[in-house]
Each structure stands twice: as C-alpha cells, then as structure tokens.
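Chemist: File follows, my_file-v9.cif with mmCIF, C-alpha atoms:
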```cif
data_query
loop_
_atom_site.label_atom_id
_atom_site.label_comp_id
_atom_site.auth_asym_id
_atom_site.auth_seq_id
_atom_site.Cartn_x
_atom_site.Cartn_y
_atom_site.Cartn_z
CA MET A 1178 121.32 121.25 92.73
CA GLN A 1179 118.84 118.44 93.09
CA ARG A 1180 118.58 115.54 95.49
CA ALA A 1181 116.97 112.10 95.36
CA ALA A 1182 118.44 111.29 91.94
CA ALA A 1183 121.50 109.29 92.99
CA THR A 1184 121.71 105.72 91.74
CA ALA A 1185 124.35 103.03 91.93
CA LYS A 1186 125.82 103.96 88.57
CA LEU A 1187 125.19 107.73 88.82
CA PHE A 1188 124.15 107.88 85.16
CA ARG A 1189 121.49 110.54 85.52
CA PRO A 1190 123.57 112.77 87.83
CA LEU A 1191 126.41 112.45 85.31
CA GLN A 1192 124.10 113.59 82.53
CA TYR A 1193 122.65 116.38 84.68
CA TYR A 1194 126.01 117.97 85.45
CA ARG A 1195 127.32 117.46 81.92
CA GLN A 1196 124.32 119.34 80.55
CA ARG A 1197 124.92 122.32 82.88
CA ALA A 1198 128.69 122.65 82.49
CA SER A 1199 129.96 125.58 80.43
CA ARG A 1200 133.41 127.08 79.98
CA GLY A 1201 134.49 129.01 83.06
CA GLY A 1202 131.35 128.16 85.03
CA LEU A 1203 131.33 126.88 88.61
CA LEU A 1204 128.98 124.06 89.58
CA ILE A 1205 128.24 123.26 93.21
CA THR A 1206 126.97 119.73 93.64
CA GLU A 1207 123.80 118.77 95.39
CA ALA A 1208 124.26 118.21 99.12
CA THR A 1209 126.46 115.12 99.47
CA ASN A 1210 126.56 113.00 102.63
CA ILE A 1211 129.94 112.77 104.35
CA SER A 1212 129.04 109.48 106.04
CA ALA A 1213 126.17 107.08 106.64
CA GLU A 1214 125.40 108.98 109.86
CA SER A 1215 124.10 111.82 107.68
CA LEU A 1216 121.58 109.80 105.63
CA ALA A 1217 118.21 111.53 105.88
CA TYR A 1218 116.52 111.17 102.50
CA PRO A 1219 116.11 108.22 100.11
CA SER A 1220 118.52 108.06 97.15
CA THR A 1221 120.85 110.90 98.13
CA PRO A 1222 124.55 110.76 97.18
CA GLY A 1223 127.59 110.27 99.38
CA ILE A 1224 131.34 110.75 99.19
CA TRP A 1225 132.82 108.30 101.70
CA THR A 1226 133.25 105.02 99.76
CA ASN A 1227 135.44 104.00 96.83
CA GLU A 1228 132.35 103.16 94.78
CA GLN A 1229 130.99 106.66 95.32
CA VAL A 1230 134.33 108.14 94.31
CA ASP A 1231 134.26 106.13 91.09
CA GLY A 1232 130.82 107.49 90.24
CA TRP A 1233 131.74 111.08 91.02
CA ARG A 1234 134.97 110.76 89.04
CA ASP A 1235 132.91 110.28 85.89
CA VAL A 1236 130.93 113.41 86.75
CA THR A 1237 133.97 115.63 87.34
CA ALA A 1238 135.62 114.36 84.14
CA ALA A 1239 132.52 115.28 82.11
CA VAL A 1240 132.38 118.74 83.70
CA HIS A 1241 136.08 119.39 83.11
CA GLU A 1242 135.74 118.27 79.50
CA LYS A 1243 133.36 121.21 79.02
CA GLY A 1244 135.88 123.64 80.55
CA ALA A 1245 133.91 124.11 83.78
CA PHE A 1246 134.75 123.70 87.47
CA ILE A 1247 132.90 121.72 90.12
CA VAL A 1248 133.05 121.59 93.93
CA CYS A 1249 131.55 118.95 96.20
CA GLN A 1250 129.12 120.19 98.82
CA LEU A 1251 129.91 118.31 102.05
CA TRP A 1252 126.76 117.68 104.05
CA HIS A 1253 125.70 116.30 107.41
CA THR A 1254 121.99 116.45 108.13
CA GLY A 1255 122.15 116.02 111.91
CA ARG A 1256 118.71 115.81 113.54
CA VAL A 1257 116.97 115.86 110.15
CA ALA A 1258 117.98 112.21 109.72
CA HIS A 1259 115.39 109.75 111.01
CA PRO A 1260 116.67 106.99 113.34
CA ASP A 1261 115.39 104.41 110.82
CA PHE A 1262 118.20 105.30 108.43
CA ALA A 1263 120.62 103.57 110.79
CA THR A 1264 119.48 100.33 109.13
CA HIS A 1265 120.60 101.51 105.68
CA PRO A 1266 122.89 98.94 104.01
CA CYS A 1267 125.51 101.65 103.45
CA ASN A 1268 125.83 102.07 107.22
CA THR A 1269 128.59 99.51 107.59
CA LYS A 1270 130.11 101.31 110.59
CA GLY A 1271 126.94 101.12 112.64
CA TYR A 1272 126.29 104.86 113.03
CA ASN A 1273 123.23 105.94 114.98
CA THR A 1274 121.48 108.46 112.75
CA CYS A 1275 119.58 111.47 114.12
CA VAL A 1276 122.27 113.35 116.05
CA SER A 1277 122.57 117.03 116.89
CA ALA A 1278 123.97 119.59 119.29
CA SER A 1279 121.20 118.87 121.81
CA ALA A 1280 118.17 116.62 122.27
CA VAL A 1281 115.80 119.11 120.61
CA PRO A 1282 113.47 117.44 118.07
CA ILE A 1283 112.10 119.12 114.98
CA THR A 1284 108.62 120.55 115.45
CA ASN A 1285 106.29 122.47 113.16
CA ARG A 1286 105.14 126.04 113.67
CA HIS A 1287 102.44 124.86 116.02
CA GLY A 1288 104.87 123.02 118.28
CA LYS A 1289 103.81 119.57 117.10
CA PRO A 1290 106.33 116.93 115.99
CA GLY A 1291 107.53 117.44 112.45
CA LYS A 1292 107.38 114.61 109.91
CA THR A 1293 109.86 113.27 107.40
CA VAL A 1294 110.11 110.70 104.62
CA THR A 1295 111.76 107.35 105.22
CA TYR A 1296 112.03 104.23 103.07
CA GLU A 1297 108.97 102.97 104.96
CA GLY A 1298 106.90 106.09 104.41
CA VAL A 1299 106.25 109.29 106.37
CA LYS A 1300 107.13 109.22 110.07
CA PRO A 1301 107.55 111.75 112.90
CA HIS A 1302 111.07 113.10 113.38
CA GLY A 1303 113.04 111.44 116.15
CA VAL A 1304 114.61 112.99 119.24
CA PRO A 1305 118.26 113.55 118.32
CA ARG A 1306 121.16 112.20 120.35
CA PRO A 1307 123.55 114.99 121.40
CA LEU A 1308 127.06 114.48 120.02
CA ASP A 1309 129.58 113.76 122.76
CA ALA A 1310 132.44 116.29 122.92
CA GLU A 1311 135.08 113.74 123.86
CA ASP A 1312 134.46 111.03 121.26
CA ASP A 1313 131.74 111.94 118.75
CA ILE A 1314 132.91 115.39 117.70
CA PRO A 1315 136.56 114.40 117.03
CA ARG A 1316 135.23 111.44 115.04
CA LEU A 1317 132.87 113.75 113.16
CA CYS A 1318 135.79 115.99 112.18
CA ARG A 1319 137.64 112.91 110.93
CA ASP A 1320 134.57 112.02 108.85
CA TYR A 1321 134.65 115.47 107.26
CA ARG A 1322 138.37 115.11 106.58
CA HIS A 1323 137.83 111.69 105.02
CA ALA A 1324 135.04 113.01 102.78
CA ALA A 1325 137.23 115.93 101.73
CA GLN A 1326 140.01 113.49 100.81
CA MET A 1327 137.59 111.35 98.83
CA ALA A 1328 136.36 114.45 96.99
CA LYS A 1329 139.93 115.21 95.99
CA GLU A 1330 140.39 111.66 94.72
CA ALA A 1331 137.16 112.01 92.74
CA GLY A 1332 138.61 114.96 90.83
CA PHE A 1333 136.67 117.84 92.33
CA ASP A 1334 138.17 121.32 92.15
CA GLY A 1335 137.33 122.04 95.78
CA VAL A 1336 134.70 121.49 98.45
CA GLU A 1337 131.92 123.50 100.03
CA VAL A 1338 131.06 123.00 103.71
CA HIS A 1339 127.28 123.01 104.05
CA SER A 1340 126.69 124.92 107.30
CA ALA A 1341 123.21 126.13 106.43
CA HIS A 1342 119.51 125.31 106.04
CA GLY A 1343 118.97 123.76 109.45
CA TYR A 1344 121.43 120.88 109.05
CA LEU A 1345 124.01 119.75 111.60
CA LEU A 1346 126.50 122.63 111.61
CA ASP A 1347 123.64 125.13 111.54
CA GLN A 1348 122.09 123.29 114.50
CA PHE A 1349 125.25 124.01 116.47
CA LEU A 1350 125.18 127.70 115.52
CA ASN A 1351 121.60 128.43 116.63
CA ASP A 1352 120.74 128.50 120.33
CA GLY A 1353 117.24 127.23 119.62
CA THR A 1354 118.80 123.87 118.74
CA ASN A 1355 122.06 124.18 120.69
CA GLN A 1356 121.38 124.12 124.44
CA ARG A 1357 124.78 122.76 125.45
CA THR A 1358 126.75 124.01 128.45
CA ASP A 1359 130.17 122.74 127.34
CA GLN A 1360 132.75 124.28 124.99
CA TYR A 1361 130.35 123.88 122.02
CA GLY A 1362 127.40 125.78 123.51
CA GLY A 1363 126.43 129.05 125.14
CA SER A 1364 128.48 131.93 123.72
CA VAL A 1365 128.67 132.73 120.02
CA GLU A 1366 132.35 131.75 120.12
CA ASN A 1367 131.50 128.32 121.49
CA ARG A 1368 128.66 127.72 119.06
CA CYS A 1369 130.99 128.50 116.13
CA ARG A 1370 133.64 126.13 117.47
CA LEU A 1371 132.48 123.02 115.60
CA LEU A 1372 132.43 124.86 112.27
CA THR A 1373 136.01 126.05 112.76
CA GLU A 1374 137.17 122.58 113.83
CA VAL A 1375 135.57 121.04 110.76
CA LEU A 1376 137.36 123.60 108.58
CA ASP A 1377 140.68 122.86 110.30
CA ALA A 1378 140.20 119.16 109.50
CA ILE A 1379 139.41 119.89 105.85
CA PHE A 1380 142.40 122.25 105.55
CA GLU A 1381 144.59 119.21 106.18
CA VAL A 1382 143.43 117.99 102.76
CA TRP A 1383 142.64 121.13 100.77
CA PRO A 1384 144.24 124.59 100.85
CA SER A 1385 141.82 127.14 102.27
CA ASP A 1386 141.39 128.83 98.90
CA ARG A 1387 139.78 125.65 97.56
CA VAL A 1388 137.20 125.53 100.37
CA GLY A 1389 133.90 127.42 100.44
CA VAL A 1390 131.30 127.68 103.21
CA ARG A 1391 127.53 128.05 102.94
CA LEU A 1392 125.53 129.87 105.64
CA SER A 1393 121.83 130.78 105.79
CA PRO A 1394 121.43 133.75 108.17
CA HIS A 1395 117.83 134.47 109.11
CA ASP A 1396 115.97 136.97 111.26
CA ALA A 1397 113.74 134.57 113.20
CA PRO A 1398 112.12 134.91 115.70
CA ASN A 1399 111.22 138.26 114.08
CA GLY A 1400 109.02 136.79 111.36
CA GLY A 1401 111.71 135.63 108.97
CA ASN A 1402 112.20 132.31 107.27
CA THR A 1403 114.09 129.46 108.91
CA TYR A 1404 114.89 125.89 107.97
CA TYR A 1405 113.62 122.90 109.95
CA GLY A 1406 112.77 125.20 112.83
CA CYS A 1407 116.41 126.17 113.43
CA LYS A 1408 116.03 129.47 115.34
CA ASP A 1409 118.19 131.75 117.45
CA SER A 1410 117.42 134.36 120.10
CA ASP A 1411 119.82 136.82 118.42
CA PRO A 1412 120.50 135.58 114.88
CA ASP A 1413 122.43 138.64 113.75
CA ALA A 1414 124.92 138.17 116.59
CA ILE A 1415 125.70 134.51 115.88
CA TYR A 1416 125.95 134.90 112.12
CA ARG A 1417 127.96 138.11 112.38
CA HIS A 1418 130.46 136.28 114.57
CA ALA A 1419 130.53 133.27 112.24
CA ILE A 1420 131.08 135.46 109.18
CA GLY A 1421 133.77 137.47 110.94
CA THR A 1422 135.53 134.24 111.86
CA LEU A 1423 135.33 132.97 108.28
CA ASP A 1424 136.66 136.29 107.01
CA LYS A 1425 140.00 135.39 108.60
CA ARG A 1426 140.23 132.00 106.88
CA ASP A 1427 141.13 133.02 103.30
CA LEU A 1428 138.34 130.88 101.84
CA ALA A 1429 137.55 130.36 98.18
CA TYR A 1430 134.18 131.97 98.90
CA LEU A 1431 131.38 132.42 101.40
CA LEU A 1432 127.88 131.72 100.11
CA LEU A 1433 124.90 133.31 101.87
CA THR A 1434 121.38 132.07 101.25
CA GLU A 1435 118.87 134.90 101.41
CA PRO A 1436 115.86 133.99 103.62
CA ARG A 1437 113.35 134.54 100.82
CA TRP A 1438 111.80 131.13 100.24
CA VAL A 1439 107.99 131.14 100.43
CA GLY A 1440 106.76 127.56 100.16
CA LYS A 1441 103.17 128.49 99.36
CA TYR A 1442 104.32 129.77 95.96
CA ASP A 1443 106.73 126.94 95.09
CA ASP A 1444 105.03 126.25 91.77
CA ASP A 1445 104.19 129.84 90.85
CA PRO A 1446 107.35 131.63 89.65
CA GLU A 1447 105.36 134.52 88.18
CA ASN A 1448 103.80 135.39 91.53
CA ASP A 1449 106.31 134.08 94.08
CA PRO A 1450 106.71 136.97 96.58
CA GLY A 1451 110.09 135.61 97.63
CA PHE A 1452 111.48 137.01 94.40
CA GLN A 1453 110.60 140.52 95.62
CA LEU A 1454 111.85 140.41 99.20
CA PRO A 1455 114.90 142.59 99.94
CA LEU A 1456 118.44 141.22 100.14
CA ARG A 1457 118.58 141.13 103.90
CA ASN A 1458 121.82 139.18 104.23
CA LEU A 1459 123.63 141.29 101.69
CA GLN A 1460 122.61 144.47 103.50
CA THR A 1461 123.46 143.08 106.94
CA PHE A 1462 126.71 141.20 106.35
CA ARG A 1463 128.46 142.48 103.22
CA ASN A 1464 130.81 144.69 105.25
CA GLU A 1465 131.65 141.79 107.55
CA TYR A 1466 133.28 139.73 104.81
CA ARG A 1467 136.09 140.97 102.57
CA GLY A 1468 136.48 137.86 100.42
CA THR A 1469 134.42 136.56 97.51
CA LEU A 1470 130.76 136.62 98.52
CA ILE A 1471 128.16 134.56 96.65
CA GLY A 1472 124.44 135.20 97.00
CA ALA A 1473 121.74 132.55 96.57
CA GLY A 1474 118.00 132.34 97.03
CA GLY A 1475 115.21 134.01 95.09
CA PHE A 1476 117.18 135.76 92.37
CA THR A 1477 115.53 136.61 89.06
CA PRO A 1478 117.12 137.74 85.80
CA SER A 1479 116.22 141.32 86.68
CA SER A 1480 117.21 141.30 90.35
CA SER A 1481 120.48 139.52 89.61
CA VAL A 1482 121.63 142.56 87.66
CA ALA A 1483 120.92 144.86 90.59
CA ALA A 1484 122.47 142.54 93.19
CA MET A 1485 125.84 142.69 91.42
CA SER A 1486 125.73 146.35 90.41
CA ASP A 1487 128.79 148.50 91.00
CA ASP A 1488 126.43 151.38 91.72
CA LEU A 1489 125.33 150.00 95.10
CA PRO A 1490 126.54 152.13 98.03
CA ASN A 1491 129.63 151.16 100.03
CA ASP A 1492 130.55 148.40 97.59
CA SER A 1493 127.62 146.40 98.99
CA SER A 1494 127.04 144.04 96.08
CA TYR A 1495 127.47 140.30 95.72
CA ASP A 1496 130.51 139.16 93.77
CA LEU A 1497 128.77 136.10 92.31
CA LEU A 1498 125.27 134.63 92.31
CA ALA A 1499 124.16 131.00 92.54
CA PHE A 1500 120.99 129.64 90.95
CA GLY A 1501 119.17 126.44 91.82
CA ARG A 1502 115.56 126.26 90.60
CA TRP A 1503 116.20 128.06 87.32
CA PHE A 1504 119.36 126.06 86.64
CA ILE A 1505 117.47 122.79 87.08
CA ALA A 1506 114.98 123.89 84.42
CA ASN A 1507 117.49 125.54 82.09
CA PRO A 1508 120.69 123.58 81.49
CA ASP A 1509 122.15 126.54 79.57
CA LEU A 1510 121.03 129.16 82.10
CA PRO A 1511 124.29 131.22 81.95
CA ARG A 1512 123.79 131.71 78.20
CA ARG A 1513 120.18 132.81 78.64
CA LEU A 1514 121.02 135.21 81.47
CA ARG A 1515 123.96 136.67 79.56
CA SER A 1516 121.66 137.56 76.69
CA PHE A 1517 119.25 139.24 79.09
CA HIS A 1518 121.98 141.10 80.99
CA GLU A 1519 123.57 142.37 77.79
CA GLY A 1520 120.30 143.97 76.77
CA ASP A 1521 119.35 141.83 73.80
CA GLU A 1522 116.01 142.92 72.40
CA SER A 1523 114.64 139.37 72.46
CA PRO A 1524 116.54 137.36 75.09
CA PRO A 1525 115.66 133.66 75.15
CA ARG A 1526 112.81 132.71 77.41
CA LEU A 1527 113.23 130.37 80.37
CA ASN A 1528 111.85 126.88 80.73
CA ARG A 1529 109.31 127.11 83.55
CA TYR A 1530 110.36 124.76 86.32
CA GLU A 1531 108.09 122.08 87.74
CA ARG A 1532 108.68 122.01 91.46
CA ASP A 1533 106.84 118.71 91.92
CA THR A 1534 109.65 116.85 90.14
CA PHE A 1535 112.59 118.45 91.99
CA TYR A 1536 112.95 115.59 94.48
CA SER A 1537 111.48 112.76 92.46
CA LYS A 1538 113.29 109.87 90.84
CA GLY A 1539 113.73 109.34 87.12
CA ALA A 1540 114.71 111.53 84.19
CA GLU A 1541 111.60 113.71 84.13
CA GLY A 1542 112.25 117.15 85.57
CA TYR A 1543 115.94 116.31 85.86
CA VAL A 1544 117.70 115.74 82.53
CA ASP A 1545 114.81 116.26 80.09
CA TYR A 1546 114.66 120.09 80.17
CA PRO A 1547 115.77 121.23 76.68
CA SER A 1548 118.66 123.60 75.96
CA LEU A 1549 118.57 126.23 73.24
CA ASP A 1550 121.06 124.25 71.16
CA PHE A 1551 118.94 121.13 71.47
CA GLU A 1552 115.81 122.99 70.37
CA SER A 1553 117.72 124.39 67.40
CA PHE A 1554 118.95 120.90 66.54
CA CYS A 1555 115.38 119.57 66.62
CA GLN A 1556 114.14 122.38 64.39
CA ARG A 1557 116.87 121.75 61.80
CA GLY A 1558 115.94 118.10 61.55
CA SER A 1559 119.47 117.19 60.43
CA PRO A 1560 121.64 114.40 61.86
CA GLU A 1561 124.34 116.91 62.79
CA GLY A 1562 124.67 116.90 66.56
CA GLU A 1563 122.53 113.86 67.24
CA ASP A 1564 125.50 112.15 68.90
CA LYS A 1565 126.08 114.93 71.43
CA PRO A 1566 125.97 113.25 74.85
CA GLU A 1567 124.38 116.27 76.56
CA TYR A 1568 121.30 115.89 74.34
CA GLN A 1569 120.51 112.46 75.73
CA GLY A 1570 117.23 112.55 77.62
CA MET A 1571 116.21 116.09 76.58
CA ASP A 1572 112.54 116.43 75.65
CA SER A 1573 111.59 117.75 72.23
CA SER A 1574 107.80 117.76 72.67
CA GLY A 1575 107.58 121.29 74.06
CA LYS A 1576 105.92 120.09 77.27
CA TYR A 1577 107.66 122.71 79.41
CA PRO A 1578 106.05 126.16 79.15
CA LEU A 1579 108.32 129.13 78.46
CA LEU A 1580 108.47 132.29 80.55
CA GLU A 1581 109.81 135.69 79.60
CA GLN A 1582 112.81 136.49 81.78
CA LYS A 1583 111.49 139.91 82.74
CA ALA A 1584 108.22 138.33 83.95
CA VAL A 1585 109.74 136.25 86.75
CA GLY A 1586 108.34 137.39 90.09
CA THR A 1587 106.77 140.55 88.70
CA SER A 1588 103.07 139.72 88.49
CA LEU A 1589 102.43 140.22 92.20
CA LYS A 1590 102.63 143.77 93.51
CA ALA A 1591 102.98 143.68 97.29
CA THR A 1592 104.62 145.51 100.13
CA GLU A 1593 107.15 143.78 102.35
CA SER A 1594 104.62 143.61 105.19
CA LYS A 1595 102.19 141.73 102.94
CA LEU A 1596 104.95 139.39 101.85
CA ARG A 1597 105.94 138.69 105.44
CA SER A 1598 102.35 137.74 106.23
CA LYS A 1599 102.60 134.94 103.68
CA ILE A 1600 105.66 133.35 105.28
#
```
Rewrite the structure from the file as structure tokens, please.
Modeler:
Amino acid sequence: MQRAAATAKLFRPLQYYRQRASRGGLLITEATNISAESLAYPSTPGIWTNEQVDGWRDVTAAVHEKGAFIVCQLWHTGRVAHPDFATHPCNTKGYNTCVSASAVPITNRHGKPGKTVTYEGVKPHGVPRPLDAEDDIPRLCRDYRHAAQMAKEAGFDGVEVHSAHGYLLDQFLNDGTNQRTDQYGGSVENRCRLLTEVLDAIFEVWPSDRVGVRLSPHDAPNGGNTYYGCKDSDPDAIYRHAIGTLDKRDLAYLLLTEPRWVGKYDDDPENDPGFQLPLRNLQTFRNEYRGTLIGAGGFTPSSSVAAMSDDLPNDSSYDLLAFGRWFIANPDLPRRLRSFHEGDESPPRLNRYERDTFYSKGAEGYVDYPSLDFESFCQRGSPEGEDKPEYQGMDSSGKYPLLEQKAVGTSLKATESKLRSKI
C-alpha cells in the first residue's frame, strides 16, 4: 500500500508484495493508474500497457506462490493530476491530464491554491477540465474496462475500484467538486451515475463477485476530515445513496475508509489521536450494506478486536479490516496481530513505521523492514534460510524501533472534541 516505488522492472514492488503475502491473505495493491490521463505523482504504477502487465504478472505469481490473493486497485486521480503530466513519455495517446467533474481547482483550508509535486518540482494545482458527457465519459469507461482486462491478463484475482480519497470518482460524488447540471450532476442519483457506469464497464470483464469498491465517507463541512478538499453539502445523503446502490451489485466487498487521519501526528503512532476517534462510517452505514464490509483507517491491534466483535449491537461490526501503515512496517503483520488477538502473554512487538519514507524511492522504508522469521534467522547465524527470496533487502541492524502492540495510540488521553480541534 505504498506509492512512488514503481520502476521499469518492478523489482522492489515484486519484493514488497512477496514479503507480505501469507496463506489465505488478501493484498490490495497500491493505487494503480488506469491510463496516462491519471498520472499525478512521479513513479506510480499503471495497468494499461503490455509492459506493465508483464511486471505485474511477476508480482501476482509471487503472491500466489505463497498461497495468498491479490486484487488490483484501479485508480484515476482526476483533478489531482497536474497539467504538466500530459508531457509524460507514457502518454502516447495525448491525454490532457487534470480533469474532473467541474472546473473546481484544489485549494487549501484558507482558500488559496493547493500545491503538488511534479517532475519539475512543487507547483500550484491546475484548474481541471470538466469531462464531456458525450465523448470523454464513454471513453473513460472504456479506459476502466481496458485496465480491468489488463489486470486479468496480469493474473490478479480481482480488481478494486478506487472511488475514494478525493480522486476522480469521489470528485463526481461530492457537490463541492461536482457543479454539473447534466445527467452527472445535481441529484445524488446523478452524481453516482459515473461510478455505476464504470462498474458496468468492468463487469464486462470480471464477474461482480471479483470486484470491490473503496469509498471514503466524511462528515465535512461539520469538522471532519476530507481528502484534497473534496466536500459535500450533505455527505451522509450522497454516501448513503452510493452505498445503497452498491448493495444491489453483489460485489466482492465494499471498503470504507474511516475519516480518522490526523496529519499532524503522522510520525507519532503512540500519540496519534486518529487511532482513538470513533468508527463513524461503521456506525452510520453498516445497516446500509448487507455484503462483505471492510474497514480501513486508523485501526490498532486493540481497536481491531473491538471493530470485528460479535458483541456489537445490531450486527454492526466490520467483516474484515485493512491495514496500510502497519503493514508497510511489518511484512508479517497478520502473524503478529494473530498472536495479540489470541491473547498470547508476550505477543511480538511491531516495527515502528517511518512515515517520511512512505512515498520515497529506494529500498529503505519499503522492503527493508524485518520479519520475525528474518530476525530469528539472523540470531541463529546459520546458512539455513539465507536463500529465501523474501529476506532480500531486509535490514538486520535493528534500526527500526519496536513498539508494544497495546501501546499504539494509547499514550494520549483526549476527548473527541479535543481530537476534532486537531484536525
């Protein structure tokens, strides 16, 4: 679940996913561009060319060899993409990057133009070009279908449609970014139309039970967290309609990101107040969706037990949980969590993640976090296991501090009102 690590040969991503694959586990790839129109960050992966398929095929083979499953997260960034990315050498079709539902640019909380990273450095976000309903949107759906087909050829077990975190499909859902007056704007039904059309295109390639969808409901403008300034005047109404629509689609799963990210505490997992915020989306939308519901965002070893408890009223628990930050830092995270959940007296501690390396290039902070088996191998000092491919790149120096699982997010005692004031 990390970007900015894609290379021509995909060696490090291959190693990253191999290290984190375990029997019966489900891996969701990092966000993967469906076309050159989506390019918004340097060195992010795609799934629209034969060369990309070849690279991903090595990844899926390594994951399947470990008995795990992997789905490709299909991604279009929309207005997050800077116009400069139109000059990217991968853009052989001449797409104009920086598109959206409407010509609403990204601004910061003070109403000033937001900034983004390009290959030439930091620049202000551009004003997006609204996608034309007659030509652009049908072509966009074909791009999604093509990417879904390429994912199948690459050996993935399914796909996830990224309709969250302020990217293109989320821009169509929220009326702060969607000011259209045609069939894709206005009512909640119209603003959900593009998402359903994208799904229809993908269903031509994959059965619906091999397709997941990611949403990130928020409660802005009531003080809650949003992504790239993607707001709505009545967020519960639009996301309730979207979830109700998806409930009828017999999906593999619906993943909801809880709006609990607090950027100020990115590098402080002991004190991050996001780990203590309530599960707003679970409480609001669990009864709207009858299929498999996955929760993501701000879960700790302790809170993950409670979020999946059968003791919650009205069967209001998540069916599965997804981890990002802790899985980056702990390639064998399922094993460590299982020990904690089963009540072991001394469950293994967690490698403390280094947020500064999440989006950097190179092996550091990507494939060098050690697993428990690797640490045991180093302590034995025997040649047994030295040829294991998943050990390649892991660091044996002990440079990553360890954190007791029960200590994550527990050092800061605060009420919800105090936490909200930090966001």
Chemist: Check the smallest atom-to-atom distance from each of A:Ser1277, A:Thr1469, A:Ser1480, A:Asn1210 to Val1388 (chain A) using all atoms listed in the file, then report the winner.
Modeler: A:Thr1469
Chemist: If you measure from CA of Gly1335 (chain A) to CA of Tyr1193 (chain A), what distance in Å do you get, rounded to one decimal?
Modeler: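 Taking CA of Gly1335 (chain A) as the start and CA of Tyr1193 (chain A) as the end point, the length is 19.3 Å.
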Chemist: Can you tell me how far CA of Tyr1466 (chain A) sits from CA of Leu1432 (chain A), in Å to one decimal?
Modeler: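 Between CA of Tyr1466 (chain A) and CA of Leu1432 (chain A) the gap is 10.7 Å.
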Chemist: So which one's closest to Gly1406 (chain A), A:Val1276, A:Cys1318, A:Ala1584, A:Val1281? Using all atoms listed in the file, please.
Modeler: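 For Gly1406 (chain A), the nearest of the given residues is A:Val1281.
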Chemist: Just the residues within 12 Å of Gly1303 (chain A), please, counting all atoms listed in the file, with nothing from its chain fewer than 4 positions along; format it as a PyMOL selection string.
Modeler: chain A and resi 1217+1255-1262+1273-1277+1280-1284+1290-1295
Chemist: Find the residue from A:Gln1250, A:Gln1356, A:Ser1212, A:Ser1220 that sits nearest to Leu1317 (chain A); use all atoms listed in the file when measuring.
Modeler: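 Between A:Gln1250, A:Gln1356, A:Ser1212, A:Ser1220, the residue approaching Leu1317 (chain A) most closely is A:Ser1212.
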Chemist: Show me, as a PDB file with C-alpha atoms, in the frame of the given file, the residues that have an atom within 6 Å of region 1239-1249 of chain A when counting only C-alpha atoms, minus same-chain residues fewer than 4 positions from it.
Modeler:
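The result, written out as selection_10.pdb:
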```
ATOM      1  CA  ARG A1195     127.320 117.460  81.920  1.00  0.00           C
ATOM      2  CA  ALA A1198     128.690 122.650  82.490  1.00  0.00           C
ATOM      3  CA  SER A1199     129.960 125.580  80.430  1.00  0.00           C
ATOM      4  CA  ARG A1200     133.410 127.080  79.980  1.00  0.00           C
ATOM      5  CA  GLY A1201     134.490 129.010  83.060  1.00  0.00           C
ATOM      6  CA  GLY A1202     131.350 128.160  85.030  1.00  0.00           C
ATOM      7  CA  LEU A1203     131.330 126.880  88.610  1.00  0.00           C
ATOM      8  CA  LEU A1204     128.980 124.060  89.580  1.00  0.00           C
ATOM      9  CA  ILE A1205     128.240 123.260  93.210  1.00  0.00           C
ATOM     10  CA  THR A1206     126.970 119.730  93.640  1.00  0.00           C
ATOM     11  CA  PHE A1333     136.670 117.840  92.330  1.00  0.00           C
ATOM     12  CA  ASP A1334     138.170 121.320  92.150  1.00  0.00           C
ATOM     13  CA  GLY A1335     137.330 122.040  95.780  1.00  0.00           C
ATOM     14  CA  VAL A1336     134.700 121.490  98.450  1.00  0.00           C
ATOM     15  CA  GLU A1337     131.920 123.500 100.030  1.00  0.00           C
TER      16      GLU A1337
END
```
Chemist: So which residues are close to (109.8, 123.1, 80.2), meaning at most 9 Å away in the file's coordinates with all atoms listed in the file counted, and can you show them as a ChimeraX atom specification?
Modeler: /A:1506-1507,1527-1531,1542,1545-1547,1572,1575-1579
Chemist: Starting from the shown file, work through the PyMOL selection byres ((chain A and resi 1424) around 8) and note down what comes out as a PyMOL selection string.
Modeler: chain A and resi 1420-1423+1425-1428+1465-1468
Chemist: For the selection just defined, write its residues with C-alpha atoms to a file, as a PDB file, in the frame of the given file.
Modeler:
```pdb
ATOM      1  CA  ILE A1420     131.080 135.460 109.180  1.00  0.00           C
ATOM      2  CA  GLY A1421     133.770 137.470 110.940  1.00  0.00           C
ATOM      3  CA  THR A1422     135.530 134.240 111.860  1.00  0.00           C
ATOM      4  CA  LEU A1423     135.330 132.970 108.280  1.00  0.00           C
ATOM      5  CA  LYS A1425     140.000 135.390 108.600  1.00  0.00           C
ATOM      6  CA  ARG A1426     140.230 132.000 106.880  1.00  0.00           C
ATOM      7  CA  ASP A1427     141.130 133.020 103.300  1.00  0.00           C
ATOM      8  CA  LEU A1428     138.340 130.880 101.840  1.00  0.00           C
ATOM      9  CA  GLU A1465     131.650 141.790 107.550  1.00  0.00           C
ATOM     10  CA  TYR A1466     133.280 139.730 104.810  1.00  0.00           C
ATOM     11  CA  ARG A1467     136.090 140.970 102.570  1.00  0.00           C
ATOM     12  CA  GLY A1468     136.480 137.860 100.420  1.00  0.00           C
TER      13      GLY A1468
END
```
Chemist: Could you check how far CA of Phe1554 (chain A) sits from CA of Met1571 (chain A), in Å to one decimal?
Modeler: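 So the answer is 11.5 Å.
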Chemist: I need the output of the PyMOL selection byres ((chain A and resi 1494) around 12) for this file as a PyMOL selection string; which residues are they?
Modeler: chain A and resi 1456-1464+1466-1467+1469-1472+1480-1493+1495-1498
Chemist: Which is closer to Pro1478 (chain A) than all the others in A:Leu1549, A:Leu1514, A:Leu1431, A:Ala1499, using all atoms listed in the file?
Modeler: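 Distance minimum relative to Pro1478 (chain A) lands on A:Leu1514.
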Chemist: Please evaluate the PyMOL selection byres ((chain A and resi 1196) around 8) against the structure above and give the resulting residues as a list in words.
Modeler: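 That expression, the PyMOL selection byres ((chain A and resi 1196) around 8), corresponds here to Gln1192, Tyr1193, Tyr1194, Arg1195, Arg1197, Ala1198, Pro1508, Asp1509, Val1544, Glu1567 and Tyr1568 of chain A.
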